[in-house]
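File shown: structure35.cif. Contents: mmCIF, C-alpha atoms.
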data_final
#
loop_
_atom_site.label_atom_id
_atom_site.label_comp_id
_atom_site.auth_asym_id
_atom_site.auth_seq_id
_atom_site.Cartn_x
_atom_site.Cartn_y
_atom_site.Cartn_z
CA MET I 1 8.45 -6.26 26.91
CA GLU I 2 5.95 -7.28 24.26
CA ILE I 3 5.81 -6.09 20.67
CA LYS I 4 2.86 -6.83 18.37
CA ILE I 5 2.97 -6.16 14.64
CA ARG I 6 -0.20 -6.37 12.56
CA LYS I 7 -0.48 -5.60 8.87
CA THR I 8 -3.58 -3.49 8.31
CA GLY I 9 -3.48 -2.82 4.59
CA SER I 10 -1.65 -2.81 1.30
CA SER I 11 -2.01 -0.77 -1.86
CA THR I 12 -0.18 -0.42 -5.15
CA LEU I 13 1.55 2.81 -6.11
CA THR I 14 0.28 4.21 -9.39
CA GLY I 15 2.01 6.72 -11.60
CA THR I 16 5.58 6.90 -12.87
CA ILE I 17 7.06 4.70 -10.12
CA SER I 18 5.79 1.20 -9.38
CA GLY I 19 5.70 -0.08 -5.83
CA THR I 20 3.57 -0.74 -2.77
CA VAL I 21 2.42 0.94 0.41
CA ASN I 22 1.91 -1.42 3.35
CA THR I 23 0.41 -0.18 6.61
CA TYR I 24 1.02 -1.66 10.05
CA VAL I 25 -0.05 -1.19 13.64
CA VAL I 26 2.89 -1.78 15.98
CA THR I 27 2.11 -2.03 19.69
CA GLU I 28 4.98 -1.82 22.14
CA ASP I 29 4.39 -1.87 25.90
CA GLY I 30 0.81 -0.67 25.42
CA ARG I 31 1.68 2.22 23.06
CA GLU I 32 0.32 1.97 19.53
CA PHE I 33 2.07 3.29 16.42
CA CYS I 34 0.48 3.32 12.96
CA LEU I 35 3.20 3.02 10.33
CA ALA I 36 3.39 3.12 6.54
CA ARG I 37 6.13 1.28 4.64
CA ILE I 38 6.54 2.60 1.10
CA SER I 39 8.62 0.42 -1.24
CA HIS I 40 9.28 1.31 -4.87
CA THR I 41 11.86 0.84 -7.59
CA LEU I 42 14.00 3.76 -6.32
CA GLY I 43 14.05 2.78 -2.63
CA ALA I 44 11.92 2.50 0.47
CA SER I 45 10.94 4.50 3.54
CA THR I 46 8.96 4.11 6.74
CA SER I 47 6.84 6.82 8.32
CA ILE I 48 4.24 7.37 11.01
CA THR I 49 0.83 7.46 9.32
CA GLY I 50 -0.55 10.99 9.17
CA LYS I 51 2.79 12.67 9.93
CA GLU I 52 5.42 14.01 7.60
CA GLY I 53 8.92 12.63 7.58
CA ILE I 54 10.70 9.30 7.69
CA LEU I 55 11.78 7.07 10.55
CA TYR I 56 15.36 5.96 11.11
CA VAL I 57 17.52 4.60 13.93
CA ASP I 58 20.25 7.00 15.04
CA SER I 59 23.50 5.09 15.56
CA ASP I 60 24.72 7.59 18.18
CA ASP I 61 21.85 7.27 20.66
CA ASN I 62 20.22 4.01 19.40
CA LYS I 63 16.76 5.62 19.32
CA VAL I 64 14.13 5.90 16.61
CA HIS I 65 13.97 9.41 15.13
CA ARG I 66 11.49 11.08 12.81
CA GLN I 67 13.12 13.42 10.31
CA VAL I 68 11.27 15.98 8.20
CA THR I 69 13.06 17.84 5.42
CA ALA I 70 11.97 20.84 3.36
CA PRO I 71 13.64 23.20 0.91
CA GLY I 72 15.25 26.13 2.69
CA GLY I 73 16.52 29.53 1.71
CA ALA I 74 19.64 30.04 -0.44
CA CYS I 75 19.41 26.55 -1.99
CA GLY I 76 19.59 24.97 1.46
CA LEU I 77 17.66 22.22 3.15
CA ASN I 78 15.82 22.60 6.45
CA THR I 79 15.60 19.49 8.62
CA ASP I 80 13.60 18.85 11.76
CA ASP I 81 14.58 15.80 13.77
CA GLU I 82 12.86 14.41 16.86
CA VAL I 83 13.04 11.24 18.93
CA VAL I 84 9.94 9.02 18.73
CA GLU I 85 9.34 8.37 22.43
CA GLY I 86 8.28 4.85 23.40
CA PHE I 87 9.20 3.26 20.07
CA SER I 88 12.31 1.10 20.19
CA PRO I 89 14.74 0.33 17.36
CA PHE I 90 13.93 -3.35 17.90
CA ALA I 91 10.22 -2.73 17.19
CA LEU I 92 11.06 -0.79 14.00
CA ARG I 93 13.41 -3.53 12.80
CA ALA I 94 10.82 -6.22 13.59
CA MET I 95 8.23 -4.36 11.48
CA LEU I 96 10.75 -4.18 8.62
CA VAL I 97 11.34 -7.94 8.81
CA ALA I 98 7.56 -8.57 8.80
CA ASP I 99 7.28 -6.34 5.73
CA GLN I 100 10.12 -8.07 3.89
CA CYS I 101 8.58 -11.48 4.63
CA ASN I 102 5.16 -10.18 3.53
CA GLU I 103 3.64 -11.59 6.73
CA PRO I 104 -0.16 -11.21 6.43
CA GLY I 105 -1.07 -11.93 10.07
CA GLU I 106 -0.07 -10.68 13.49
CA ILE I 107 3.37 -11.27 14.96
CA THR I 108 4.00 -11.12 18.71
CA ILE I 109 7.51 -10.83 20.11
CA THR I 110 8.08 -11.25 23.85
CA ILE I 111 11.37 -10.17 25.37
CA LYS I 112 12.07 -11.41 28.87
CA GLU I 113 14.29 -9.39 31.20
CA ARG I 114 17.25 -11.23 32.68
#

The structure given in the file should be rewritten as structure tokens.
Amino acid sequence: MEIKIRKTGSSTLTGTISGTVNTYVVTEDGREFCLARISHTLGASTSITGKEGILYVDSDDNKVHRQVTAPGGACGLNTDDEVVEGFSPFALRAMLVADQCNEPGEITITIKER
């Protein structure tokens, strides 16, 4: 398996909260995912560019999920949760490490099967 992570852009958040938006292209086994990492003073989140919701790794099935939330009726919250097929938790975590290290170039990770 091969994972490539390439930072494609960075911008500064303007308004009441300061922070940054970094964009990445993550390629895993030939599938390409365009991701946005938003970091600000109140927290951080990762999403697929052009889609609503945030990405997270579910501890029960060890898969990457995309969760979208919206206000619901009677003061409730509607959530939609789906597995992101072809995108491994390892690839998501590797992108997070690249973001934390502020790596400007491309990173390639090769995992050899035993």

Next item on the list: List the neighbours of I:Phe33 out to 9 Å using all atoms listed in the file; skip same-chain residues closer than 5 positions along the sequence, and give me the result as a VMD selection string.
Entry: chain I and resid 24 to 28 48 to 49 87

Note to self: Residues proximal to (2.5, -5.1, 12.4) were defined as those with any atom within 9 Å of that point in the file's coordinates, counting only C-alpha atoms. Which are they, as an NGL selection string?
What the structure shows: :I and (3-8 or 23-27 or 34-35 or 94-95 or 98-99 or 103-108)

Checklist line | Shell around I:Ile111 at 9 Å using all atoms listed in the file, local window under 2 positions removed, as a VMD selection string | finding: chain I and resid 1 to 3 109 113

Could you write out that same residue set with C-alpha atoms as an mmCIF file, in the frame of the given file?
data_model
loop_
_atom_site.group_PDB
_atom_site.id
_atom_site.type_symbol
_atom_site.label_atom_id
_atom_site.label_comp_id
_atom_site.auth_asym_id
_atom_site.auth_seq_id
_atom_site.Cartn_x
_atom_site.Cartn_y
_atom_site.Cartn_z
ATOM 1 C CA MET I 1 8.450 -6.260 26.910
ATOM 2 C CA GLU I 2 5.950 -7.280 24.260
ATOM 3 C CA ILE I 3 5.810 -6.090 20.670
ATOM 4 C CA ILE I 109 7.510 -10.830 20.110
ATOM 5 C CA GLU I 113 14.290 -9.390 31.200
#

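Here the question is which of I:Val83, I:Ala36, I:Val97, I:Cys75 gets nearest to I:Lys63 using only C-alpha atoms, and that residue is I:Val83.
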
Next item on the list: Could you tell me which residues the PyMOL selection byres ((chain I and resi 42) around 10) returns for this structure, as a PyMOL selection string?
Entry: chain I and resi 17-19+39-41+43-44

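Of the listed residues (I:Ser59, I:Ser47, I:Ser10, I:Gln67), I:Ser10 comes nearest to I:Asn22; the distances count all atoms listed in the file.
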
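Note that the spacing between atom CA of I:Asn102 and atom CA of I:Asp81 amounts to 29.5 Å.
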
Check: Near stretch 68-70 of chain I, within 10 Å and counting all atoms listed in the file, which residues show up once chain neighbours fewer than 4 positions away are dropped, as a ChimeraX atom specification?
Finding: /I:51-55,76-82

Note to self: I need the residue nearest I:Glu85 from this list: I:Thr110, I:Asp60, I:Gly50, I:Asp29. Use only C-alpha atoms for the distance.
What the structure shows: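 Selected residue with least distance to I:Glu85: I:Asp29.
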